[in-house]
>>> print(open('coords12.pdb').read())   # PDB, C-alpha atoms, pLDDT in the B column
ATOM      1  CA  VAL A   1       0.000   0.000   0.000  1.00 41.00           C
ATOM      2  CA  ILE A   2       1.423   3.380  -1.004  1.00 45.00           C
ATOM      3  CA  ASN A   3       0.026   6.616   0.454  1.00 49.00           C
ATOM      4  CA  ALA A   4       1.229   9.810  -1.179  1.00 52.00           C
ATOM      5  CA  SER A   5       0.553  13.508  -0.758  1.00 55.00           C
ATOM      6  CA  ARG A   6       1.688  16.392  -2.931  1.00 59.00           C
ATOM      7  CA  ARG A   7       1.478  20.143  -2.718  1.00 63.00           C
ATOM      8  CA  ALA A   8       2.618  22.858  -5.088  1.00 66.00           C
ATOM      9  CA  ARG A   9       2.682  26.627  -4.812  1.00 67.00           C
ATOM     10  CA  ALA A  10       3.713  29.410  -7.130  1.00 67.00           C
ATOM     11  CA  LEU A  11       6.863  31.282  -6.067  1.00 66.00           C
ATOM     12  CA  LEU A  12       7.267  33.702  -8.968  1.00 54.00           C
ATOM     13  CA  CYS A  13       5.041  34.541 -11.920  1.00 53.00           C
ATOM     14  CA  ALA A  14       6.235  36.593 -14.887  1.00 50.00           C
ATOM     15  CA  LEU A  15       3.233  37.025 -17.169  1.00 47.00           C
ATOM     16  CA  LEU A  16       3.665  37.681 -20.867  1.00 46.00           C
ATOM     17  CA  ALA A  17      -0.027  38.527 -21.191  1.00 42.00           C
ATOM     18  CA  LEU A  18      -3.107  38.525 -19.023  1.00 44.00           C
ATOM     19  CA  ALA A  19      -5.538  35.655 -19.543  1.00 43.00           C
ATOM     20  CA  PRO A  20      -8.558  36.757 -21.566  1.00 45.00           C
ATOM     21  CA  LEU A  21     -11.273  36.331 -18.952  1.00 50.00           C
ATOM     22  CA  THR A  22     -14.712  37.240 -20.252  1.00 40.00           C
ATOM     23  CA  ALA A  23     -17.996  38.190 -18.691  1.00 41.00           C
ATOM     24  CA  LEU A  24     -19.128  34.647 -19.357  1.00 49.00           C
ATOM     25  CA  GLY A  25     -16.416  33.297 -17.067  1.00 56.00           C
ATOM     26  CA  GLN A  26     -14.327  31.727 -19.829  1.00 66.00           C
ATOM     27  CA  ALA A  27     -10.632  31.369 -19.033  1.00 77.00           C
ATOM     28  CA  ARG A  28      -7.377  29.977 -20.347  1.00 86.00           C
ATOM     29  CA  TYR A  29      -3.843  29.574 -19.127  1.00 90.00           C
ATOM     30  CA  ALA A  30      -1.764  32.716 -19.656  1.00 89.00           C
ATOM     31  CA  PRO A  31       1.579  32.522 -21.466  1.00 90.00           C
ATOM     32  CA  GLY A  32       4.444  33.339 -19.128  1.00 90.00           C
ATOM     33  CA  THR A  33       7.242  31.989 -16.973  1.00 89.00           C
ATOM     34  CA  TYR A  34       6.466  30.637 -13.522  1.00 90.00           C
ATOM     35  CA  ARG A  35       8.416  29.107 -10.665  1.00 89.00           C
ATOM     36  CA  TYR A  36       6.947  26.521  -8.304  1.00 89.00           C
ATOM     37  CA  GLU A  37       7.923  24.546  -5.257  1.00 86.00           C
ATOM     38  CA  MET A  38       6.502  21.016  -5.362  1.00 83.00           C
ATOM     39  CA  VAL A  39       6.691  18.782  -2.288  1.00 82.00           C
ATOM     40  CA  THR A  40       5.872  15.065  -2.512  1.00 78.00           C
ATOM     41  CA  GLU A  41       5.622  12.875   0.591  1.00 74.00           C
ATOM     42  CA  MET A  42       5.168   9.116   0.323  1.00 69.00           C
ATOM     43  CA  LYS A  43       4.668   6.330   2.833  1.00 67.00           C
ATOM     44  CA  GLN A  44       4.770   2.675   1.813  1.00 61.00           C
ATOM     45  CA  LYS A  45       3.667  -0.433   3.667  1.00 60.00           C
ATOM     46  CA  GLN A  46       4.632  -3.812   2.261  1.00 57.00           C
ATOM     47  CA  GLU A  47       4.008  -7.318   3.537  1.00 57.00           C
ATOM     48  CA  MET A  48       5.829 -10.313   2.068  1.00 54.00           C
ATOM     49  CA  LEU A  49       6.338 -13.813   3.482  1.00 56.00           C
ATOM     50  CA  GLY A  50       4.693 -12.760   6.729  1.00 63.00           C
ATOM     51  CA  MET A  51       7.052  -9.827   7.273  1.00 66.00           C
ATOM     52  CA  ALA A  52       5.845  -6.222   7.202  1.00 67.00           C
ATOM     53  CA  THR A  53       8.074  -3.280   6.342  1.00 65.00           C
ATOM     54  CA  GLU A  54       7.430   0.455   6.211  1.00 68.00           C
ATOM     55  CA  SER A  55       9.319   3.220   4.474  1.00 65.00           C
ATOM     56  CA  SER A  56       8.846   6.925   3.801  1.00 69.00           C
ATOM     57  CA  MET A  57      10.198   9.509   1.404  1.00 70.00           C
ATOM     58  CA  ARG A  58      10.027  13.277   1.006  1.00 75.00           C
ATOM     59  CA  LEU A  59      10.914  14.934  -2.290  1.00 78.00           C
ATOM     60  CA  VAL A  60      11.210  18.707  -2.731  1.00 83.00           C
ATOM     61  CA  GLN A  61      11.537  20.097  -6.258  1.00 84.00           C
ATOM     62  CA  LEU A  62      11.900  23.655  -7.519  1.00 88.00           C
ATOM     63  CA  LEU A  63      10.430  23.933 -11.003  1.00 89.00           C
ATOM     64  CA  SER A  64      10.615  26.523 -13.764  1.00 91.00           C
ATOM     65  CA  VAL A  65       7.499  26.357 -15.935  1.00 92.00           C
ATOM     66  CA  SER A  66       7.124  28.169 -19.265  1.00 93.00           C
ATOM     67  CA  ILE A  67       3.892  28.465 -21.238  1.00 94.00           C
ATOM     68  CA  THR A  68       3.981  29.827 -24.784  1.00 93.00           C
ATOM     69  CA  ASP A  69       1.421  30.455 -27.508  1.00 91.00           C
ATOM     70  CA  ARG A  70       1.710  27.988 -30.400  1.00 88.00           C
ATOM     71  CA  HIS A  71      -1.630  28.310 -32.166  1.00 83.00           C
ATOM     72  CA  ARG A  72      -5.067  29.610 -31.316  1.00 81.00           C
ATOM     73  CA  ASP A  73      -5.955  26.326 -29.606  1.00 88.00           C
ATOM     74  CA  THR A  74      -2.497  25.084 -28.557  1.00 94.00           C
ATOM     75  CA  LEU A  75       0.001  26.128 -25.900  1.00 95.00           C
ATOM     76  CA  GLY A  76       3.595  24.964 -25.618  1.00 95.00           C
ATOM     77  CA  ILE A  77       4.735  23.895 -22.149  1.00 95.00           C
ATOM     78  CA  SER A  78       8.185  23.333 -20.677  1.00 94.00           C
ATOM     79  CA  ILE A  79       8.933  22.153 -17.133  1.00 92.00           C
ATOM     80  CA  VAL A  80      12.524  22.190 -15.857  1.00 91.00           C
ATOM     81  CA  ILE A  81      13.623  20.716 -12.515  1.00 89.00           C
ATOM     82  CA  ASP A  82      15.966  23.421 -11.189  1.00 89.00           C
ATOM     83  CA  SER A  83      16.782  21.708  -7.911  1.00 86.00           C
ATOM     84  CA  VAL A  84      15.778  18.574  -6.045  1.00 82.00           C
ATOM     85  CA  ALA A  85      16.212  17.251  -2.517  1.00 79.00           C
ATOM     86  CA  PHE A  86      15.368  13.764  -1.212  1.00 76.00           C
ATOM     87  CA  ASP A  87      14.816  12.760   2.385  1.00 74.00           C
ATOM     88  CA  ILE A  88      14.342   9.106   3.379  1.00 71.00           C
ATOM     89  CA  GLY A  89      14.913   9.614   7.077  1.00 69.00           C
ATOM     90  CA  GLN A  90      18.316  11.014   6.280  1.00 63.00           C
ATOM     91  CA  ALA A  91      19.571  13.336   3.577  1.00 61.00           C
ATOM     92  CA  VAL A  92      20.455  11.683   0.271  1.00 62.00           C
ATOM     93  CA  PRO A  93      23.821  12.799  -1.197  1.00 63.00           C
ATOM     94  CA  ASP A  94      23.710  14.490  -4.596  1.00 63.00           C
ATOM     95  CA  SER A  95      25.913  11.707  -5.984  1.00 62.00           C
ATOM     96  CA  LEU A  96      23.018   9.270  -5.526  1.00 57.00           C
ATOM     97  CA  ILE A  97      20.487  11.326  -7.512  1.00 62.00           C
ATOM     98  CA  PRO A  98      22.289  11.878 -10.835  1.00 56.00           C
ATOM     99  CA  ASN A  99      20.677  13.434 -13.928  1.00 66.00           C
ATOM    100  CA  LEU A 100      17.505  14.580 -12.160  1.00 76.00           C
ATOM    101  CA  ARG A 101      18.561  18.190 -11.683  1.00 81.00           C
ATOM    102  CA  GLY A 102      18.080  20.001 -14.982  1.00 84.00           C
ATOM    103  CA  LEU A 103      15.656  17.399 -16.365  1.00 85.00           C
ATOM    104  CA  THR A 104      13.314  19.013 -18.885  1.00 89.00           C
ATOM    105  CA  VAL A 105       9.819  17.894 -19.801  1.00 90.00           C
ATOM    106  CA  SER A 106       8.156  19.595 -22.765  1.00 92.00           C
ATOM    107  CA  GLY A 107       5.005  19.269 -24.819  1.00 93.00           C
ATOM    108  CA  THR A 108       1.710  20.887 -25.707  1.00 95.00           C
ATOM    109  CA  MET A 109      -1.673  21.398 -24.089  1.00 93.00           C
ATOM    110  CA  SER A 110      -4.958  23.095 -24.829  1.00 92.00           C
ATOM    111  CA  PRO A 111      -5.563  26.612 -23.479  1.00 91.00           C
ATOM    112  CA  ARG A 112      -7.731  24.979 -20.787  1.00 90.00           C
ATOM    113  CA  GLY A 113      -4.933  22.679 -19.566  1.00 89.00           C
ATOM    114  CA  LYS A 114      -5.667  19.393 -21.354  1.00 89.00           C
ATOM    115  CA  VAL A 115      -2.251  17.875 -22.120  1.00 89.00           C
ATOM    116  CA  HIS A 116      -1.912  16.736 -25.747  1.00 89.00           C
ATOM    117  CA  ALA A 117       1.676  15.485 -25.646  1.00 88.00           C
ATOM    118  CA  LEU A 118       4.479  15.409 -23.114  1.00 86.00           C
ATOM    119  CA  ALA A 119       7.998  14.081 -23.551  1.00 85.00           C
ATOM    120  CA  GLY A 120      11.189  13.907 -21.547  1.00 81.00           C
ATOM    121  CA  PRO A 121      14.435  11.957 -21.490  1.00 74.00           C
ATOM    122  CA  ALA A 122      14.493   8.604 -23.224  1.00 66.00           C
ATOM    123  CA  ASP A 123      16.541   6.927 -20.486  1.00 61.00           C
ATOM    124  CA  SER A 124      15.397   5.401 -17.180  1.00 56.00           C
ATOM    125  CA  LEU A 125      14.123   8.801 -16.020  1.00 61.00           C
ATOM    126  CA  GLY A 126      11.461   8.744 -18.733  1.00 60.00           C
ATOM    127  CA  PRO A 127       8.686   7.467 -16.407  1.00 61.00           C
ATOM    128  CA  LEU A 128       8.996  10.687 -14.411  1.00 70.00           C
ATOM    129  CA  VAL A 129       7.241  12.442 -17.282  1.00 74.00           C
ATOM    130  CA  ASP A 130       3.923  10.936 -16.173  1.00 72.00           C
ATOM    131  CA  ASP A 131       4.273  12.696 -12.817  1.00 74.00           C
ATOM    132  CA  PHE A 132       3.729  16.014 -14.596  1.00 81.00           C
ATOM    133  CA  ARG A 133       0.702  15.058 -16.703  1.00 79.00           C
ATOM    134  CA  GLY A 134      -1.617  16.137 -13.909  1.00 79.00           C
ATOM    135  CA  PHE A 135       0.366  19.209 -12.876  1.00 83.00           C
ATOM    136  CA  PHE A 136      -2.072  21.677 -14.471  1.00 85.00           C
ATOM    137  CA  ALA A 137      -5.710  21.624 -13.461  1.00 84.00           C
ATOM    138  CA  VAL A 138      -7.958  21.004 -16.475  1.00 86.00           C
ATOM    139  CA  LEU A 139     -10.511  23.817 -16.750  1.00 89.00           C
ATOM    140  CA  PRO A 140     -14.170  23.663 -17.833  1.00 89.00           C
ATOM    141  CA  ALA A 141     -15.598  25.634 -20.745  1.00 84.00           C
ATOM    142  CA  ARG A 142     -16.866  28.287 -18.325  1.00 85.00           C
ATOM    143  CA  MET A 143     -15.530  29.163 -14.896  1.00 88.00           C
ATOM    144  CA  THR A 144     -18.553  29.363 -12.617  1.00 90.00           C
ATOM    145  CA  VAL A 145     -19.037  28.123  -9.073  1.00 93.00           C
ATOM    146  CA  GLY A 146     -20.809  24.758  -9.186  1.00 94.00           C
ATOM    147  CA  ALA A 147     -19.490  23.757 -12.616  1.00 92.00           C
ATOM    148  CA  SER A 148     -18.332  20.120 -12.737  1.00 92.00           C
ATOM    149  CA  TRP A 149     -16.643  17.989 -15.401  1.00 91.00           C
ATOM    150  CA  VAL A 150     -14.930  14.625 -15.923  1.00 89.00           C
ATOM    151  CA  ASP A 151     -11.612  13.866 -17.618  1.00 83.00           C
ATOM    152  CA  THR A 152      -9.734  10.625 -18.293  1.00 78.00           C
ATOM    153  CA  LEU A 153      -6.000  10.030 -18.137  1.00 71.00           C
ATOM    154  CA  ALA A 154      -3.953   6.991 -19.134  1.00 67.00           C
ATOM    155  CA  THR A 155      -0.558   6.351 -17.578  1.00 65.00           C
ATOM    156  CA  ASP A 156       2.032   3.606 -17.270  1.00 60.00           C
ATOM    157  CA  VAL A 157       2.861   2.393 -13.755  1.00 56.00           C
ATOM    158  CA  SER A 158       6.563   1.630 -13.343  1.00 53.00           C
ATOM    159  CA  PRO A 159       7.751   1.851  -9.721  1.00 49.00           C
ATOM    160  CA  ALA A 160      11.522   1.432  -9.406  1.00 45.00           C
ATOM    161  CA  GLY A 161      11.660   0.661 -13.130  1.00 47.00           C
ATOM    162  CA  LEU A 162       9.377  -2.391 -12.846  1.00 49.00           C
ATOM    163  CA  SER A 163       6.601  -2.168 -15.412  1.00 52.00           C
ATOM    164  CA  MET A 164       3.284  -3.068 -13.766  1.00 52.00           C
ATOM    165  CA  GLY A 165       1.057  -2.174 -16.709  1.00 57.00           C
ATOM    166  CA  ALA A 166      -1.223   0.659 -17.757  1.00 65.00           C
ATOM    167  CA  MET A 167      -3.731   2.462 -15.562  1.00 67.00           C
ATOM    168  CA  SER A 168      -6.756   4.454 -16.643  1.00 75.00           C
ATOM    169  CA  MET A 169      -7.718   7.308 -14.318  1.00 77.00           C
ATOM    170  CA  ILE A 170     -11.064   9.101 -14.137  1.00 84.00           C
ATOM    171  CA  VAL A 171     -10.792  12.601 -12.658  1.00 85.00           C
ATOM    172  CA  THR A 172     -13.970  14.366 -11.503  1.00 90.00           C
ATOM    173  CA  SER A 173     -13.560  18.100 -10.848  1.00 91.00           C
ATOM    174  CA  ARG A 174     -15.820  20.821  -9.481  1.00 94.00           C
ATOM    175  CA  ILE A 175     -15.443  24.561  -8.889  1.00 94.00           C
ATOM    176  CA  VAL A 176     -16.483  24.991  -5.267  1.00 95.00           C
ATOM    177  CA  ALA A 177     -15.616  28.633  -4.526  1.00 95.00           C
ATOM    178  CA  ASP A 178     -14.752  32.050  -5.888  1.00 94.00           C
ATOM    179  CA  THR A 179     -12.026  32.920  -3.392  1.00 94.00           C
ATOM    180  CA  THR A 180      -8.435  34.136  -2.972  1.00 92.00           C
ATOM    181  CA  TYR A 181      -5.085  32.331  -2.745  1.00 89.00           C
ATOM    182  CA  ASP A 182      -2.088  34.158  -1.281  1.00 87.00           C
ATOM    183  CA  GLY A 183      -4.125  37.326  -1.635  1.00 89.00           C
ATOM    184  CA  ARG A 184      -4.895  36.811  -5.327  1.00 88.00           C
ATOM    185  CA  PRO A 185      -8.419  36.272  -6.736  1.00 90.00           C
ATOM    186  CA  ALA A 186      -8.865  32.635  -7.687  1.00 91.00           C
ATOM    187  CA  TRP A 187     -11.254  29.779  -8.240  1.00 92.00           C
ATOM    188  CA  ARG A 188     -10.955  26.758  -5.980  1.00 94.00           C
ATOM    189  CA  ILE A 189     -11.251  23.454  -7.846  1.00 93.00           C
ATOM    190  CA  ASP A 190     -11.778  20.209  -5.900  1.00 93.00           C
ATOM    191  CA  ARG A 191     -11.186  16.870  -7.605  1.00 88.00           C
ATOM    192  CA  THR A 192     -11.428  13.140  -6.960  1.00 87.00           C
ATOM    193  CA  THR A 193      -9.573  10.429  -8.867  1.00 82.00           C
ATOM    194  CA  LEU A 194     -10.333   6.756  -9.440  1.00 82.00           C
ATOM    195  CA  GLY A 195      -7.799   4.597 -11.238  1.00 75.00           C
ATOM    196  CA  SER A 196      -7.690   0.957 -12.291  1.00 72.00           C
ATOM    197  CA  GLY A 197      -5.656  -1.238 -14.602  1.00 69.00           C
ATOM    198  CA  GLY A 198      -3.131  -4.005 -14.647  1.00 62.00           C
ATOM    199  CA  GLY A 199      -0.605  -5.962 -16.610  1.00 63.00           C
ATOM    200  CA  SER A 200       2.083  -8.583 -16.366  1.00 61.00           C
ATOM    201  CA  SER A 201       5.844  -8.661 -16.137  1.00 60.00           C
ATOM    202  CA  SER A 202       8.624 -11.218 -16.159  1.00 61.00           C
ATOM    203  CA  GLU A 203      11.358 -10.962 -13.544  1.00 61.00           C
ATOM    204  CA  SER A 204      14.210 -13.500 -13.439  1.00 61.00           C
ATOM    205  CA  GLY A 205      12.099 -15.979 -15.368  1.00 65.00           C
ATOM    206  CA  THR A 206       9.083 -15.551 -13.080  1.00 65.00           C
ATOM    207  CA  GLN A 207       5.852 -14.305 -14.622  1.00 64.00           C
ATOM    208  CA  MET A 208       3.982 -11.802 -12.444  1.00 61.00           C
ATOM    209  CA  VAL A 209       0.437 -10.501 -12.921  1.00 62.00           C
ATOM    210  CA  PHE A 210      -0.538  -7.133 -11.435  1.00 60.00           C
ATOM    211  CA  GLU A 211      -3.869  -5.543 -10.572  1.00 64.00           C
ATOM    212  CA  ILE A 212      -3.684  -1.796 -10.022  1.00 65.00           C
ATOM    213  CA  LYS A 213      -6.205   0.322  -8.109  1.00 69.00           C
ATOM    214  CA  ALA A 214      -5.822   3.919  -6.999  1.00 71.00           C
ATOM    215  CA  THR A 215      -7.910   6.627  -5.388  1.00 77.00           C
ATOM    216  CA  GLY A 216      -7.093  10.258  -4.822  1.00 80.00           C
ATOM    217  CA  SER A 217      -8.400  13.704  -4.011  1.00 83.00           C
ATOM    218  CA  GLY A 218      -7.057  17.204  -4.251  1.00 86.00           C
ATOM    219  CA  THR A 219      -7.612  20.931  -4.472  1.00 89.00           C
ATOM    220  CA  SER A 220      -6.207  23.388  -7.024  1.00 89.00           C
ATOM    221  CA  TYR A 221      -6.356  27.175  -7.190  1.00 91.00           C
ATOM    222  CA  PHE A 222      -6.557  28.812 -10.602  1.00 91.00           C
ATOM    223  CA  GLY A 223      -5.918  32.560 -10.570  1.00 89.00           C
ATOM    224  CA  LYS A 224      -8.181  34.915 -12.455  1.00 87.00           C
ATOM    225  CA  THR A 225      -5.193  36.166 -14.465  1.00 86.00           C
ATOM    226  CA  GLY A 226      -4.766  32.694 -15.955  1.00 88.00           C
ATOM    227  CA  VAL A 227      -2.124  31.333 -13.573  1.00 88.00           C
ATOM    228  CA  PHE A 228      -2.072  28.047 -11.658  1.00 89.00           C
ATOM    229  CA  LEU A 229      -1.362  29.358  -8.148  1.00 89.00           C
ATOM    230  CA  GLY A 230      -0.994  26.107  -6.208  1.00 87.00           C
ATOM    231  CA  GLY A 231      -2.753  23.110  -4.739  1.00 85.00           C
ATOM    232  CA  THR A 232      -2.604  19.925  -2.699  1.00 84.00           C
ATOM    233  CA  GLY A 233      -3.395  16.296  -3.405  1.00 79.00           C
ATOM    234  CA  THR A 234      -3.356  12.832  -1.833  1.00 79.00           C
ATOM    235  CA  SER A 235      -3.445   9.381  -3.397  1.00 70.00           C
ATOM    236  CA  GLU A 236      -3.497   5.747  -2.316  1.00 65.00           C
TER     237      GLU A 236
END
>>> encode(input="coords12.pdb", output="C-alpha cells")
Amino acid sequence: VINASRRARALLCALLALAPLTALGQARYAPGTYRYEMVTEMKQKQEMLGMATESSMRLVQLLSVSITDRHRDTLGISIVIDSVAFDIGQAVPDSLIPNLRGLTVSGTMSPRGKVHALAGPADSLGPLVDDFRGFFAVLPARMTVGASWVDTLATDVSPAGLSMGAMSMIVTSRIVADTTYDGRPAWRIDRTTLGSGGGSSSESGTQMVFEIKATGSGTSYFGKTGVFLGGTGTSE
C-alpha cells in the first residue's frame, strides 16, 4: 500500500499577457514563466512472506514552468527541474540522484490545460514524465461556481523501473468557490480520482500478474489572471 501527498505553490510569476477572462467566465492559461515549489511525501507499507516493512520519502523540487502560444488552440509547455532534494529519514547525497537536476519535460496542451503530448528523457528517467501530466488543473468551458466535469487520463505504472502495466484514471472536478489564494483572486477546484488497470511482467524468469487500483483527491487554485497558483493532493 502506497500513500502519497503532494502540494505545489507558485513562487514567482512573470506574465507575458493577461488571460482573456470574459464576462461569461471563460478562461485559459496565460503565457508566461512561472516558478513553483513542489513537495511530494510518500509512505509505503509492504508485507511479504509474513514480514511487514514500512518506508517513507520526502521529495522537494523547484520547477521553472514556461507556457507559450503555439496556435489559437495550442500552448507549448516546458517544465525544468531546477533543484531537487530527497529525504528518506536522512539526507540523500547528490551523488546518488544523478541526472535529475536540470531534467526538462516539454510538450503541448490546450488553453484549458488538457495535455496533448508530453515528452522527456528517453533513459530510465522517462517514467517521471507521467508525474507532470496532472500538474495543471484542467478547466471547464466556463468558470462558474458549481461547474463540474470529468476527464480521463492513461498512464504507465513503473515503480523502481518495474513495469506493472497501464492504468486508466477518471478525474472528476468541481469549482467549489470564488475565493483568494495568497491574496490573489482565484477559483478553488476540488477533484477526486479513481484509477484501475493491470498488466504482467517477467522478472528473473518468473511471470507476475498485477492488478492496479488507486484513489485520490485534491484541491487546485486557478488565478483569475490565468495562472495556476498552487494546490494539494493525496493518493493511495
>>> atom_distance(input="coords12.pdb", atom1="atom CA of Ile81 of chain A", atom2="atom CA of Met109 of chain A")
19.2 Å
>>> closest_residue(input="coords12.pdb", among="A:Leu229, A:Val65, A:Ile189, A:Ala85", to="Pro140 of chain A", atoms="all atoms listed in the file")
A:Ile189
>>> closest_residue(input="coords12.pdb", among="A:Thr33, A:Thr225, A:Ser64, A:Thr74", to="Val115 of chain A", atoms="all atoms listed in the file")
A:Thr74
>>> closest_residue(input="coords12.pdb", among="A:Val171, A:Leu100, A:Ala117, A:Ala137", to="Phe228 of chain A", atoms="all atoms listed in the file")
A:Ala137
>>> closest_residue(input="coords12.pdb", among="A:Arg184, A:Met57, A:Ser196, A:Phe136", to="Thr219 of chain A", atoms="only C-alpha atoms")
A:Phe136
